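A.B. asks: First the structure, which I've put down as structure tokens, then a few questions once you've had a look.
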Amino acid sequence: MSATILRLVVKPQHCIGCRSCELACAFTHGKDGQPAASRCQTVTVGKDEYAPMMCLQCDHAACVQSCPVSAIALQPSGIVIVDNERCIRCMACTIACPFGNMHFDPSAGLIHKCDLCAKHGDYPRCAMFCPTKCLTVDRPAGDAGR
Amino acid sequence: MSFSMMINGKRVEAHDGELVLAAARRAGIHIPTLCEHEAVEPFGSCRLCMVEVTKEAWKGWKGLMTACLYPAAPDLIVETESERVLHVRRNVLDLLLARCPDSKLIQRLAAEHGVHRTTFTPRDSEPSRREGERALAAPDLCILCGLCTRVCETAATAAICTVKRGHAREVGTPWGTPPPDCIGCLACAHICPTGHIVFVETGFDRTIWERTFALVRCKDCGRPLPVTVEQAAFLAKRQQLDPSYFERCEACQRQSTAQVFGRMARWNRLGLVQEPSAPVKPVEVKP
């Protein structure tokens with residue numbers, strides 16, 4: 001198992017379906033907050049029941065295994081990152097992900113996945129904007145200095 | 001082992017086995033390219049990434065090399081914007097513009113380098129270029145960079161290749177017929193820098209290279225997936241995955257994961273919080 005520096009903790013019982021996480025994500029990763037740029041999706045489960053869905057950063061990820069050009073890789077930081085320069089848009093990862101958390105943005109022509117805001121201050125914006133602490137950030141004690 | 005070299009008078013760190021283009025990119029120095037893609041081996045066919053290389057020991061001799069193929073070396077001095085390089089680059093763009101006068105990308109690149117119209121006779125790029133009637137008539141935008149054939153070789157089945165010789169050379173399929181090995185993955189169409197390779201997707205079918213493929217239908221909702229039946233079988237075999245990986249659509253998979261999340265939320269509300277190490281109890285909680 002790789003050394004995880006950052007973990008996003010999801011407590012679905014606190015989710016009220018406000019979609020703040022989606023908006024925060026779309027504005028962080030996209031230009032004008034287009035919904036297609038969001039790496040996070042809030043899914044309605046039942047009546048007044050919602051679940052925020054984003055990449056779970058699997059250790060043995062189906063997206064990594066399905067990529068024919070090795071454009072997706074588990075980084076030493078424990079985050080699975082897509083190299084869009086290397087990607088050939090074959091869409092294998094979007095279907096292979098058993099959680100449906102790989103997205104293709106047709107307008108940008110890019111594969112999107114949650115990178116825990118690795119390039120945006122290293123603190124997931126969805127957790128920052130979640131009003132009910134449904135999404136929280138957990139840093140394992142060994143890496144607290146980071 | 002890493003060493004330092006000079007690019008445009010800037011000291012740049014490079015590693016053993018790295019190419020000049022990669023070192024320049026990492027240092028934020030832009031070199032225009034058309035036939036380069038990280039997923040495939042460098043090929044050096046577009047000649048747009050020409051740079052001037054020299055060393056102290058070469059006593060003033062300077063060579064013009066393609067940055068995408070020239071290996072980085074200690075004490076190498078690279079110029080990417082010298083007068084000689086820009087002259088060569090303008091010539092290359094002049095020729096490319098004569099070959100593909102309709103390509104927006106070539107027009108833009110040429111204009112950036114001050115070539116607004118070609119000095120050669122532009123090629124007639126009408127769709128009637130092939131003997132076999134191509135299902136999807138479009139202007140010929142091919143610059144023969146070979147990216148499509150290389151990506152097909154690397155990531156798919158090498159179903160297409162360059163055919164014919166000399167000025168008749170083009171990217172095509174065996175004998176100009178629908179390619180038997182093609183899996184319809186669209187990697188060639190997506191990677192093509194000028195958008196020469198066209199495809200049509202109509203509902204549950206996808207047509208590329210005059211061959212029509214059926215798209216995989218989601219097992220749960222029946223909507224078409226963005227992969228063809230042949231591609232799903234190929235990916236499962238090549239990546240050594242179970243074929244069930246390529247059966248259900250993104251939305252259905254997300255919905256079924258969300259159902260699990262929802263069940264967890266209900267358990268948590270009822271106070272049935274599981275210890276992280278304890279195995280999950282097979283408790284069915286009615287909503």
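Naming scheme: A, B, ... for chains in displayed order of the structure tokens; residues 1 onward per chain; ligands 1 onward as shown.
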Using only C-alpha atoms, which residues sit within 12 Å of Leu144 in chain B once same-chain residues fewer than 3 positions away are excluded, as number ranges by chain?
C.D. replies: B: 34-35, 43-47, 96, 99-100, 140-141, 147-150, 161-163, 165-172, 192-194, 196-197
A.B. asks: Got a sec: who's within 12 Å of His15 in chain B, counting only C-alpha atoms, leaving out chain neighbours fewer than 2 positions off, as a list in words?
C.D. replies: Met1, Ser2, Phe3, Ser4, Met5, Val12, Glu13, Gly17, Glu18, Leu19, Val20, Ala22, Ala23, Ala24, Arg26, Pro71, Ala72, Ala73 and Pro74 of chain B
A.B. asks: Give the residues of chain B that lie within 9 Å of chain A; count only C-alpha atoms, and format the answer as a PyMOL selection string.
C.D. replies: chain B and resi 37-40+151+154-156+185-188+190-191+225-227+231-232+235-236+238-241+244-259+261-262+264-269
A.B. asks: Would you mind writing down, as number ranges by chain, each residue of chain A that DSSP on the backbone assigns to helix (DSSP H, G or I)?
C.D. replies: A: 12-14, 20-29, 35-37, 62-66, 92-96, 125-129, 141-143
A.B. asks: Counting only C-alpha atoms, what is within 6 Å of Leu215 in chain B, bar same-chain residues fewer than 4 positions away, as a PyMOL selection string?
C.D. replies: chain B and resi 204-205+224+227-229
A.B. asks: Using N, CA, C and O atoms, can you write the selected residues to a file as a PDB file, in the first residue's frame?
C.D. replies:
ATOM      1  N   PHE B 204     -26.793   3.849 -31.724  1.00  0.00           N
ATOM      2  CA  PHE B 204     -26.129   2.647 -31.229  1.00  0.00           C
ATOM      3  C   PHE B 204     -25.030   2.153 -32.160  1.00  0.00           C
ATOM      4  O   PHE B 204     -24.517   1.066 -31.972  1.00  0.00           O
ATOM      5  N   ASP B 205     -24.705   2.941 -33.203  1.00  0.00           N
ATOM      6  CA  ASP B 205     -23.674   2.535 -34.167  1.00  0.00           C
ATOM      7  C   ASP B 205     -22.579   3.583 -34.244  1.00  0.00           C
ATOM      8  O   ASP B 205     -22.797   4.757 -33.974  1.00  0.00           O
ATOM      9  N   PRO B 224     -26.286   3.308 -24.884  1.00  0.00           N
ATOM     10  CA  PRO B 224     -25.022   2.922 -25.508  1.00  0.00           C
ATOM     11  C   PRO B 224     -23.826   3.448 -24.721  1.00  0.00           C
ATOM     12  O   PRO B 224     -23.843   4.564 -24.211  1.00  0.00           O
ATOM     13  N   VAL B 227     -17.915   2.666 -26.054  1.00  0.00           N
ATOM     14  CA  VAL B 227     -16.990   1.685 -26.633  1.00  0.00           C
ATOM     15  C   VAL B 227     -17.779   0.716 -27.509  1.00  0.00           C
ATOM     16  O   VAL B 227     -18.955   0.461 -27.268  1.00  0.00           O
ATOM     17  N   THR B 228     -17.094   0.172 -28.498  1.00  0.00           N
ATOM     18  CA  THR B 228     -17.744  -0.795 -29.372  1.00  0.00           C
ATOM     19  C   THR B 228     -17.595  -2.191 -28.772  1.00  0.00           C
ATOM     20  O   THR B 228     -16.797  -2.413 -27.861  1.00  0.00           O
ATOM     21  N   VAL B 229     -18.392  -3.119 -29.291  1.00  0.00           N
ATOM     22  CA  VAL B 229     -18.357  -4.499 -28.801  1.00  0.00           C
ATOM     23  C   VAL B 229     -16.951  -5.078 -28.985  1.00  0.00           C
ATOM     24  O   VAL B 229     -16.382  -5.702 -28.078  1.00  0.00           O
TER      25      VAL B 229
END
A.B. asks: Using only C-alpha atoms, which residues sit within 7 Å of Ala127 in chain A once same-chain residues fewer than 4 positions away are excluded, as JSON, numbers by chain?
C.D. replies: {"A": [135, 136, 137]}
A.B. asks: Pick out the closest residue to Val88 in chain B from this set: B:Glu52, B:Asp102, B:Glu210, B:Asp124. Count only C-alpha atoms.
C.D. replies: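 Of the candidates, the smallest distance to Val88 in chain B is held by B:Glu52.
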A.B. asks: Please report the interatomic distance between CA of Ile143 in chain B and CA of Ile160 in chain B in Å with one decimal.
C.D. replies: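 So the two atoms, CA of Ile143 in chain B and CA of Ile160 in chain B, lie 15.5 Å apart.
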A.B. asks: What is the CA of Pro101 in chain B-CA of Val51 in chain B distance in Å, reported with one decimal?
C.D. replies: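 Here the two named atoms are 25.2 Å from each other.
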A.B. asks: What does the distance between CA of Ala67 in chain B and CA of Ile31 in chain B come to in Å, to one decimal place?
C.D. replies: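 That distance, rounded to one decimal, is 8.2 Å.
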A.B. asks: Might you pull out every residue within 12 Å of Leu97 in chain B, with only C-alpha atoms counted and same-chain residues fewer than 4 positions away left off, and present them as a VMD selection string?
C.D. replies: chain B and resid 90 to 93 101 to 111 115 to 125 141 to 143 194
A.B. asks: Give me every strand (DSSP E) residue in range 14-259 of chain B, going by DSSP on the backbone, as an MDAnalysis selection string.
C.D. replies: chainID B and resid 14:15 50:55 63:66 76:79 161:163 170:172 199:202 205:208 211:217 224:228
